[in-house]
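Novice: protein_33.csv is reproduced in full below (CSV, C-alpha atoms).
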chain,number,residue,atom,x,y,z
A,25,MET,CA,71.0,18.4,62.1
A,26,ARG,CA,70.5,14.8,61.1
A,27,CYS,CA,67.4,14.0,59.0
A,28,PRO,CA,65.1,11.4,60.4
A,29,SER,CA,65.1,8.1,58.5
A,30,GLN,CA,62.0,6.5,57.0
A,31,SER,CA,61.7,4.0,59.9
A,32,GLN,CA,61.5,6.9,62.3
A,33,LEU,CA,58.8,8.7,60.3
A,34,VAL,CA,56.6,5.6,59.9
A,35,LEU,CA,54.9,4.0,62.9
A,36,PRO,CA,56.2,0.4,63.1
A,37,THR,CA,54.0,-2.6,63.2
A,38,LYS,CA,54.9,-4.8,66.2
A,39,LEU,CA,54.7,-8.6,66.2
A,40,TYR,CA,54.3,-9.8,69.7
A,41,VAL,CA,55.3,-13.2,71.0
A,42,PRO,CA,52.0,-14.9,71.8
A,43,CYS,CA,51.5,-15.6,75.5
A,44,ASP,CA,50.4,-19.1,75.1
A,45,LEU,CA,51.8,-22.6,74.7
A,46,TYR,CA,53.1,-21.9,71.2
A,47,GLY,CA,55.0,-18.7,72.2
A,48,LEU,CA,56.5,-20.6,75.1
A,49,PHE,CA,57.7,-23.3,72.8
A,50,VAL,CA,59.6,-20.7,70.8
A,51,VAL,CA,61.1,-18.6,73.5
A,52,GLU,CA,61.8,-20.8,76.5
A,53,PRO,CA,64.4,-23.1,75.0
A,54,LEU,CA,66.4,-20.1,73.8
A,55,GLN,CA,66.9,-19.0,77.5
A,56,LEU,CA,68.2,-22.3,78.9
A,57,ASP,CA,71.8,-22.3,80.1
A,58,ALA,CA,73.2,-25.5,81.4
A,59,SER,CA,75.9,-23.8,83.4
A,60,ILE,CA,73.2,-22.0,85.5
A,61,ASP,CA,70.0,-24.1,85.1
A,62,GLY,CA,71.8,-27.4,85.0
A,63,TRP,CA,71.3,-30.2,82.5
A,64,THR,CA,68.5,-31.7,84.6
A,65,ILE,CA,66.4,-28.6,84.2
A,66,VAL,CA,67.4,-28.2,80.6
A,67,SER,CA,66.3,-31.8,79.8
A,68,LEU,CA,63.1,-31.4,81.7
A,69,ALA,CA,62.2,-28.1,80.0
A,70,MET,CA,62.9,-29.4,76.5
A,71,MET,CA,60.9,-32.6,77.2
A,72,ARG,CA,58.1,-30.5,78.6
A,73,ALA,CA,58.0,-28.2,75.6
A,74,PHE,CA,57.7,-31.1,73.0
A,75,VAL,CA,55.4,-33.2,75.1
A,76,PHE,CA,52.9,-30.4,75.8
A,77,ILE,CA,52.8,-29.4,72.1
A,78,ALA,CA,52.3,-33.1,71.0
A,79,LEU,CA,49.6,-33.5,73.7
A,80,ASN,CA,47.8,-30.4,72.6
A,81,PHE,CA,47.7,-31.4,68.9
A,82,SER,CA,46.7,-35.0,69.8
A,83,ILE,CA,43.8,-33.8,71.8
A,84,GLN,CA,42.7,-31.4,69.1
A,85,VAL,CA,43.0,-34.1,66.4
A,86,LEU,CA,41.0,-36.5,68.6
A,87,TYR,CA,38.2,-33.9,69.0
A,88,VAL,CA,38.2,-33.2,65.2
A,89,VAL,CA,37.9,-36.9,64.3
A,90,ARG,CA,35.1,-37.4,66.8
A,91,ILE,CA,33.2,-34.3,65.5
A,92,HIS,CA,33.5,-35.6,61.9
A,93,ARG,CA,32.2,-39.0,62.8
A,94,MET,CA,29.2,-37.5,64.7
A,95,SER,CA,28.5,-35.2,61.8
A,96,VAL,CA,28.5,-38.2,59.4
A,97,ASP,CA,26.2,-40.2,61.8
A,98,MET,CA,23.7,-37.3,61.9
A,99,GLN,CA,23.6,-36.9,58.2
A,100,ASP,CA,20.6,-39.2,57.8
A,101,GLN,CA,18.7,-38.0,60.8
A,102,GLN,CA,15.9,-35.5,61.0
A,103,TRP,CA,17.8,-32.3,61.8
A,104,CYS,CA,16.1,-29.9,59.4
A,105,HIS,CA,13.5,-28.7,62.0
A,106,GLU,CA,15.9,-26.1,63.3
A,107,HIS,CA,15.4,-22.5,62.0
A,108,SER,CA,17.8,-21.5,59.3
A,109,CYS,CA,18.5,-18.1,60.9
A,110,MET,CA,19.7,-19.7,64.1
A,111,GLN,CA,21.9,-22.1,62.1
A,112,VAL,CA,23.5,-19.2,60.3
A,113,VAL,CA,24.2,-17.3,63.6
A,114,CYS,CA,25.8,-20.3,65.2
A,115,VAL,CA,28.0,-21.1,62.2
A,116,PHE,CA,28.9,-17.4,62.1
A,117,VAL,CA,30.0,-17.4,65.7
A,118,PHE,CA,32.0,-20.5,65.1
A,119,GLY,CA,33.6,-18.9,62.0
A,120,ILE,CA,34.7,-15.9,64.1
A,121,SER,CA,36.6,-18.3,66.4
A,122,ILE,CA,38.2,-20.0,63.4
A,123,CYS,CA,39.1,-16.7,61.8
A,124,SER,CA,40.8,-15.5,65.0
A,125,GLU,CA,42.8,-18.8,65.2
A,126,LEU,CA,43.9,-18.5,61.6
A,127,ARG,CA,45.0,-14.9,62.2
A,128,GLY,CA,47.0,-16.1,65.3
A,129,CYS,CA,48.6,-18.8,63.1
A,130,ALA,CA,49.5,-16.2,60.5
A,131,ASP,CA,51.1,-13.9,63.1
A,132,PHE,CA,53.0,-16.8,64.6
A,133,LEU,CA,54.5,-17.9,61.3
A,134,LEU,CA,55.3,-14.2,60.4
A,135,LEU,CA,57.1,-13.8,63.7
A,136,VAL,CA,59.2,-16.9,63.1
A,137,VAL,CA,60.0,-16.1,59.5
A,138,ARG,CA,60.8,-12.4,60.0
A,139,CYS,CA,62.8,-12.7,63.3
A,140,PRO,CA,66.5,-12.0,62.6
A,141,ALA,CA,68.5,-15.2,62.8
A,142,SER,CA,71.5,-15.2,65.0
A,143,GLY,CA,74.7,-16.3,63.3
A,144,SER,CA,76.9,-17.1,66.4
A,145,GLY,CA,74.9,-16.3,69.5
A,146,TYR,CA,73.0,-19.5,69.7
A,147,ALA,CA,75.2,-22.6,69.3
A,148,GLY,CA,72.8,-25.1,70.8
A,149,ILE,CA,70.3,-26.0,73.5
A,150,GLY,CA,71.7,-25.3,76.9
A,151,ASP,CA,74.1,-22.5,75.9
A,152,GLY,CA,71.9,-19.7,77.0
A,153,PRO,CA,71.1,-16.4,75.3
A,154,ASP,CA,73.8,-14.1,76.6
A,155,ARG,CA,76.7,-15.1,78.8
A,156,PRO,CA,77.4,-11.7,80.4
A,157,GLN,CA,74.1,-11.5,82.2
A,158,ARG,CA,74.5,-15.1,83.6
A,159,HIS,CA,70.9,-16.2,83.9
A,160,GLY,CA,68.9,-19.1,82.5
A,161,ALA,CA,65.3,-19.9,81.8
A,162,VAL,CA,64.6,-21.0,85.4
A,163,LEU,CA,67.6,-20.0,87.6
A,164,SER,CA,69.9,-17.0,87.8
A,165,GLN,CA,73.4,-16.8,89.0
A,166,GLU,CA,73.8,-15.1,92.4
A,167,ALA,CA,76.8,-13.3,93.7
A,168,VAL,CA,78.1,-15.3,96.7
A,169,GLU,CA,79.4,-13.1,99.5
A,170,ARG,CA,80.6,-14.5,102.8
A,171,PRO,CA,80.7,-11.6,105.4
A,172,GLY,CA,82.5,-12.2,108.6
A,173,GLY,CA,80.1,-11.3,111.4
A,174,LEU,CA,76.6,-12.5,112.2
A,175,ARG,CA,75.0,-9.1,111.6
A,176,ALA,CA,76.7,-8.8,108.2
A,177,ARG,CA,75.4,-12.2,107.2
A,178,ILE,CA,71.8,-11.3,108.3
A,179,ALA,CA,72.0,-8.0,106.3
A,180,ASN,CA,73.4,-9.8,103.3
A,181,TRP,CA,70.6,-12.4,103.4
A,182,ALA,CA,67.9,-9.7,103.7
A,183,LYS,CA,69.5,-7.9,100.7
A,184,ARG,CA,69.5,-11.0,98.6
A,185,SER,CA,65.9,-11.9,99.5
A,186,SER,CA,64.6,-8.4,98.6
A,187,ALA,CA,66.7,-7.8,95.5
A,188,VAL,CA,65.0,-7.8,92.2
A,189,ASP,CA,66.9,-8.7,89.1
A,190,GLN,CA,66.1,-6.0,86.6
A,191,THR,CA,68.3,-7.3,83.8
A,192,ARG,CA,66.7,-10.8,83.5
A,193,VAL,CA,64.5,-10.3,80.4
A,194,TRP,CA,63.9,-13.0,77.8
A,195,THR,CA,64.8,-12.1,74.2
A,196,LEU,CA,64.7,-13.6,70.8
A,197,GLY,CA,68.3,-12.6,70.0
A,198,SER,CA,69.6,-16.1,70.0
A,199,LEU,CA,67.1,-17.6,67.5
A,200,ASP,CA,68.8,-19.4,64.6
A,201,HIS,CA,67.7,-21.1,61.4
A,202,ARG,CA,67.5,-24.5,63.0
A,203,TRP,CA,65.1,-23.6,65.7
A,204,LYS,CA,63.1,-21.5,63.2
A,205,ALA,CA,62.6,-24.7,61.1
A,206,VAL,CA,61.6,-26.7,64.2
A,207,CYS,CA,59.0,-24.1,65.2
A,208,PHE,CA,57.7,-23.8,61.7
A,209,LEU,CA,57.3,-27.6,61.1
A,210,PHE,CA,56.3,-28.7,64.6
A,211,VAL,CA,54.0,-25.8,65.6
A,212,GLY,CA,53.1,-23.6,62.6
A,213,VAL,CA,52.1,-26.2,60.0
A,214,PRO,CA,50.1,-28.6,62.3
A,215,ARG,CA,48.3,-25.7,63.8
A,216,VAL,CA,47.1,-24.4,60.4
A,217,VAL,CA,46.1,-27.9,59.3
A,218,ILE,CA,44.1,-28.7,62.4
A,219,CYS,CA,42.3,-25.3,62.2
A,220,CYS,CA,41.2,-26.0,58.6
A,221,LEU,CA,40.0,-29.5,59.4
A,222,LEU,CA,38.1,-28.2,62.4
A,223,ALA,CA,36.5,-25.5,60.3
A,224,ASN,CA,35.2,-28.1,57.8
A,225,SER,CA,34.0,-30.6,60.3
A,226,GLY,CA,32.7,-28.2,62.9
A,227,ALA,CA,30.5,-26.2,60.6
A,228,ARG,CA,28.7,-29.3,59.3
A,229,PHE,CA,28.4,-30.7,62.8
A,230,ILE,CA,26.8,-27.4,64.0
A,231,VAL,CA,24.2,-27.3,61.2
A,232,ARG,CA,23.2,-31.0,61.7
A,233,SER,CA,23.1,-30.9,65.5
A,234,PRO,CA,19.8,-31.1,67.3
A,235,ASP,CA,21.1,-29.1,70.3
A,236,ILE,CA,22.7,-26.4,68.1
A,237,ILE,CA,23.7,-23.9,70.8
A,238,VAL,CA,25.2,-26.4,73.2
A,239,ASP,CA,27.2,-28.1,70.4
A,240,THR,CA,28.4,-24.7,69.1
A,241,VAL,CA,29.9,-23.9,72.5
A,242,ALA,CA,31.4,-27.4,72.6
A,243,VAL,CA,33.1,-27.0,69.2
A,244,LEU,CA,34.5,-23.6,70.3
A,245,PHE,CA,36.2,-25.3,73.2
A,246,VAL,CA,38.6,-27.2,70.8
A,247,VAL,CA,40.4,-24.1,69.8
A,248,ASP,CA,41.2,-23.1,73.4
A,249,VAL,CA,42.9,-26.3,74.5
A,250,ALA,CA,46.4,-24.8,74.2
A,251,ALA,CA,45.4,-21.8,76.3
A,252,PHE,CA,44.0,-24.0,79.0
A,253,MET,CA,47.2,-26.1,79.1
A,254,TYR,CA,49.4,-22.9,79.2
A,255,SER,CA,47.3,-21.4,82.0
A,256,ALA,CA,47.3,-24.5,84.1
A,257,PHE,CA,50.8,-25.9,83.7
A,258,THR,CA,53.0,-22.7,83.5
A,259,THR,CA,54.5,-20.9,86.5
A,260,ASN,CA,53.8,-17.2,87.1
A,261,ALA,CA,57.5,-16.3,86.7
A,262,VAL,CA,57.6,-17.9,83.3
A,263,LYS,CA,54.3,-16.1,82.3
A,264,GLN,CA,55.7,-12.8,83.4
A,265,GLN,CA,59.0,-13.3,81.4
A,266,LEU,CA,57.0,-14.3,78.3
A,267,GLU,CA,54.9,-11.2,78.6
A,268,MET,CA,58.0,-9.0,78.8
A,269,VAL,CA,59.6,-10.3,75.6
A,270,GLN,CA,60.3,-7.4,73.3
A,271,PRO,CA,58.1,-7.5,70.2
A,272,LEU,CA,59.6,-7.6,66.7
A,273,GLU,CA,59.2,-4.3,64.8
A,274,CYS,CA,58.6,-4.2,61.1
A,275,TYR,CA,57.8,-1.3,58.7
A,276,PRO,CA,55.3,-2.3,56.1
A,277,CYS,CA,54.6,-0.2,53.1
A,278,ASN,CA,51.4,1.7,52.5
A,279,THR,CA,50.1,-1.0,50.1
A,280,ARG,CA,50.4,-3.7,52.7
A,281,ARG,CA,48.7,-1.4,55.3
A,282,LEU,CA,45.8,-0.7,52.9
A,283,VAL,CA,45.4,-4.4,52.0
A,284,SER,CA,45.4,-5.3,55.7
A,285,PHE,CA,42.9,-2.6,56.5
A,286,LEU,CA,40.5,-3.7,53.8
A,287,PHE,CA,40.8,-7.4,54.5
A,288,VAL,CA,40.4,-7.3,58.3
A,289,ASN,CA,37.6,-4.7,58.4
A,290,PHE,CA,35.6,-5.6,55.3
A,291,ALA,CA,36.7,-8.8,53.4
A,292,TYR,CA,36.9,-11.1,56.4
A,293,PRO,CA,33.4,-10.3,57.8
A,294,VAL,CA,31.8,-10.5,54.3
A,295,LEU,CA,33.6,-13.8,53.5
A,296,LEU,CA,32.5,-15.1,56.9
A,297,VAL,CA,28.9,-14.3,56.4
A,298,CYS,CA,29.0,-15.8,52.9
A,299,PHE,CA,30.6,-19.0,54.3
A,300,SER,CA,27.9,-19.3,57.0
A,301,VAL,CA,25.0,-18.8,54.5
A,302,ALA,CA,26.6,-21.2,52.0
A,303,VAL,CA,27.1,-24.0,54.6
A,304,VAL,CA,23.5,-23.7,55.9
A,305,TRP,CA,22.0,-23.4,52.3
A,306,CYS,CA,23.9,-26.4,51.0
A,307,SER,CA,22.8,-28.5,54.1
A,308,ARG,CA,19.2,-27.5,53.8
A,309,GLU,CA,19.1,-28.3,50.1
A,310,GLY,CA,19.8,-31.9,50.9
A,311,CYS,CA,17.2,-31.7,53.7
A,312,ARG,CA,14.6,-30.5,51.2
A,313,LYS,CA,15.2,-33.4,48.9
A,314,SER,CA,14.8,-35.8,51.8
A,315,GLU,CA,11.6,-34.1,52.9
A,316,ASP,CA,10.2,-34.3,49.4
A,317,PHE,CA,11.1,-38.0,49.2
A,318,GLU,CA,9.5,-38.7,52.6
A,319,ALA,CA,6.3,-36.7,51.7
A,320,ARG,CA,5.4,-39.0,48.8
A,321,PRO,CA,4.6,-42.1,50.9
A,322,HIS,CA,2.3,-40.0,53.0
A,323,THR,CA,0.5,-38.7,49.9
A,324,MET,CA,0.2,-42.3,48.6
A,325,SER,CA,-1.2,-43.5,51.9
A,326,PHE,CA,-3.8,-40.7,51.9
A,327,MET,CA,-4.8,-41.6,48.4
A,328,LEU,CA,-5.0,-45.3,49.1
A,329,GLY,CA,-7.1,-44.8,52.2
A,330,SER,CA,-9.5,-42.5,50.4
A,331,GLN,CA,-9.8,-44.9,47.5
A,332,MET,CA,-10.7,-47.7,49.9
A,333,PHE,CA,-13.3,-45.6,51.7
A,334,VAL,CA,-14.9,-44.6,48.4
A,335,GLN,CA,-15.0,-48.3,47.3
A,336,GLN,CA,-16.7,-49.2,50.6
A,337,CYS,CA,-19.3,-46.4,50.2
A,338,THR,CA,-20.0,-47.5,46.6
A,339,THR,CA,-20.5,-51.1,47.7
A,340,SER,CA,-22.9,-50.0,50.5
A,341,LEU,CA,-24.9,-47.9,48.1
A,342,ASP,CA,-25.3,-50.8,45.7
A,343,VAL,CA,-26.5,-52.9,48.6
A,344,ILE,CA,-29.1,-50.3,49.6
A,345,GLN,CA,-30.4,-50.0,46.0
A,346,SER,CA,-30.8,-53.8,45.8
A,347,VAL,CA,-32.7,-53.9,49.0
A,348,VAL,CA,-35.0,-51.0,48.0
A,349,ALA,CA,-35.8,-52.8,44.8
A,350,ASP,CA,-36.7,-56.1,46.6
A,351,GLU,CA,-38.3,-55.1,49.9
A,352,PRO,CA,-39.0,-51.4,50.8
A,353,VAL,CA,-39.5,-52.4,54.5
A,354,ARG,CA,-35.8,-53.5,54.8
A,355,CYS,CA,-34.6,-50.3,53.2
A,356,SER,CA,-34.7,-48.2,56.4
A,357,ARG,CA,-32.9,-51.0,58.4
A,358,ALA,CA,-30.2,-51.3,55.7
A,359,SER,CA,-29.7,-47.5,55.6
A,360,LEU,CA,-29.4,-47.3,59.4
A,361,ASN,CA,-26.9,-50.1,59.5
A,362,CYS,CA,-24.8,-48.5,56.8
A,363,PHE,CA,-24.9,-45.2,58.6
A,364,ILE,CA,-23.7,-46.8,61.9
A,365,THR,CA,-21.1,-48.8,60.2
A,366,TYR,CA,-19.4,-46.1,58.1
A,367,LEU,CA,-19.8,-43.1,60.4
A,368,PRO,CA,-16.4,-43.8,62.2
A,369,LEU,CA,-14.8,-44.3,58.8
A,370,LEU,CA,-16.1,-40.9,57.7
A,371,PHE,CA,-14.4,-39.2,60.5
A,372,GLN,CA,-11.2,-41.2,59.9
A,373,HIS,CA,-10.9,-40.7,56.2
A,374,GLY,CA,-12.7,-37.4,55.8
A,375,PRO,CA,-9.4,-35.4,55.6
A,376,ASN,CA,-8.2,-37.9,53.0
A,377,ILE,CA,-11.2,-37.4,50.9
A,378,LEU,CA,-10.8,-33.6,51.0
A,379,PHE,CA,-7.1,-34.0,50.1
A,380,VAL,CA,-8.0,-36.2,47.1
A,381,VAL,CA,-10.7,-33.7,46.0
A,382,GLN,CA,-8.2,-30.9,46.1
A,383,LEU,CA,-5.8,-33.0,44.0
A,384,MET,CA,-8.5,-33.8,41.5
A,385,GLY,CA,-9.7,-30.2,41.4
Would you mind writing the file out in C-alpha cells?
Specialist:
Amino acid sequence: MRCPSQSQLVLPTKLYVPCDLYGLFVVEPLQLDASIDGWTIVSLAMMRAFVFIALNFSIQVLYVVRIHRMSVDMQDQQWCHEHSCMQVVCVFVFGISICSELRGCADFLLLVVRCPASGSGYAGIGDGPDRPQRHGAVLSQEAVERPGGLRARIANWAKRSSAVDQTRVWTLGSLDHRWKAVCFLFVGVPRVVICCLLANSGARFIVRSPDIIVDTVAVLFVVDVAAFMYSAFTTNAVKQQLEMVQPLECYPCNTRRLVSFLFVNFAYPVLLVCFSVAVVWCSREGCRKSEDFEARPHTMSFMLGSQMFVQQCTTSLDVIQSVVADEPVRCSRASLNCFITYLPLLFQHGPNILFVVQLMG
C-alpha cells in the first residue's frame, strides 16, 4: 500500500486566472495558432490585447490626475461642515475597494510568478498551445468528410452542427519566461502603481468633497473600468473558455496559512479603519486652523462695533449733561432725541456689547 504524500494530505490553495481584462491578456495569446486561426486573427487578437490594456490604464490615469487636481482646488474651500463620522464611513468604503483591488493585484502577480514556465512548448506567438488537439484561440480544426449521397451530406452537416468539442480547453501549459516578463511589466506593475495613486488622491478628494456620497461612488467607478471593458468587448465563447482554465495549485505551509488568516481577517480591517480615521483627522486639523484664523476677524469686528457704540453713547450722555446744566427745559427734548436716535443702534449692537462684556468678565 502506497503512503499518501504531503501534497495529498494538505488541501491545496488554488490560484484562479481572473476572469477580467488582465486574465484575458495572459491566457488568450497562449492559445493562438496561426495554422488554425490564421495570421489575421493572430495579429488582431494581439493588437486587441495590448490596445485594451493601454486604453484601460490611460483612462484610469486620466481619472486619477483629474481627481488629484480637484482635490487640490478644494483644499482652500469651506468643506469642514460635513460630519466627521460620515467622512470616516465614506473613506472606509473607498478603502475596502482599494484593498480588494490590491489583493487582486497580489493574486495576479503570484499567479504569473508561480506558474511553471514551459521550456519547449511555447516557441512564440501563433504557434498554439498543443499541436495534437488542433485548435486555436478563436477557431478549431474540423474534420472534413465528403460523403457521396445527398442524405449522407445532410446527416454529416447536422452532426457537425450539433457536435460539441469537449477537448477544447484553454491552459497555461505554454507560458514561458518571456511572456511572464511581459505580463509582469505591462500589467502587474502599472496596476499596483495606479491603485496606490488612486488611494492617495481618492481619500483626500472624498474628505474635501461637498457631495461626499456621490463623489465616493464616482471614485469607486475608477477601479471597475477594466471589468466594464471586459464585459462589453469580449465574446461569450472567450468568457467561457477563460472561466474553464484550470487553476494553479500550490501547497503553502502552516506559517503562511496562519499569517494569511490573521492579515485578511484582522490586520486588514484594523489597518483600514486606522487609515480612514487618520485621513479624516489630518484633514480636519487643517480645517480647525483655518476656522480659528477666520474667527478672529469676526471677533475684531464685534469689538470694534461695540467700541463705536459705547463712544456714541458716551458722547450723547455728555451732551445731555451739558443741556441739563444750561437749560432744564431742553433736557427732556434732548433725552427724547437721544433715545430715538440710538434705539436702532441698541438693537444692532446689543449682542456685540454682551460679547464684549463676556470677554471683559
Novice: Tell me, in Å to one decimal, how far atom CA of Leu39 of chain A is from atom CA of Leu221 of chain A.
Specialist: 26.4 Å
Novice: Quick one, how far is atom CA of Val211 of chain A from atom CA of Ser121 of chain A?
Specialist: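 Distance between the two atoms: 19.0 Å.
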Novice: Within 9 Å of segment 276-280 of chain A, counting only C-alpha atoms, which residues qualify if same-chain residues fewer than 4 places away don't, as a short mmCIF file (atom, residue, chain, number, x, y, z; two decimals) with C-alpha atoms, keeping the file's coordinate frame?
Specialist:
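Dumped to part-v6.cif:
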data_model
loop_
_atom_site.label_atom_id
_atom_site.label_comp_id
_atom_site.auth_asym_id
_atom_site.auth_seq_id
_atom_site.Cartn_x
_atom_site.Cartn_y
_atom_site.Cartn_z
CA VAL A 34 56.60 5.60 59.90
CA PRO A 36 56.20 0.40 63.10
CA THR A 37 54.00 -2.60 63.20
CA SER A 284 45.40 -5.30 55.70
CA PHE A 285 42.90 -2.60 56.50
#
Novice: Report, in Å with one decimal, the straight-line distance from atom CA of Leu126 of chain A to atom CA of Val193 of chain A.
Specialist: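 Between atom CA of Leu126 of chain A and atom CA of Val193 of chain A the gap works out to 29.1 Å.
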Novice: Taking into account all atoms listed in the file, which residue in the set A:Ser233, A:Thr258, A:Thr240, A:Ser142 is nearest to Arg202 of chain A?
Specialist: A:Ser142
Novice: List as a list of chain:residue names the residues having at least one atom at most 10 Å from position (49.1, -26.3, 73.4) as given in the file, counting only C-alpha atoms.
Specialist: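 Residues satisfying the cut-off, written out: A:Asp44, A:Leu45, A:Tyr46, A:Gly47, A:Leu48, A:Phe49, A:Ala73, A:Phe74, A:Val75, A:Phe76, A:Ile77, A:Ala78, A:Leu79, A:Asn80, A:Phe81, A:Ser82, A:Ile83, A:Gln84, A:Val211, A:Arg215, A:Val247, A:Asp248, A:Val249, A:Ala250, A:Ala251, A:Phe252, A:Met253, A:Tyr254.
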Novice: Considering only C-alpha atoms, can you say which of A:Leu222, A:Ile236, A:Val269, A:Val213 comes closest to Met110 of chain A?
Specialist: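 Result for the nearest residue to Met110 of chain A: A:Ile236.
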Novice: Determine, counting all atoms listed in the file, which protein, DNA and RNA residues have an atom within 12 Å of an atom of segment 287-302 of chain A; residues of the same chain fewer than 5 positions away are not included. Present the result as a ChimeraX atom specification.
Specialist: /A:108-124,126-127,223-224,226-228,230-231,280-282,307-309
Novice: Pick out the closest residue to Cys207 of chain A from this set: A:Cys129, A:Val88, A:Ser225, A:Thr64. Count all atoms listed in the file.
Specialist: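 Counting all atoms listed in the file, the residue closest to Cys207 of chain A is A:Cys129.
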Novice: Using only C-alpha atoms, find the one residue out of A:Phe229, A:Phe208, A:Trp305, A:Phe245 that sits nearest to His92 of chain A.
Specialist: A:Phe229
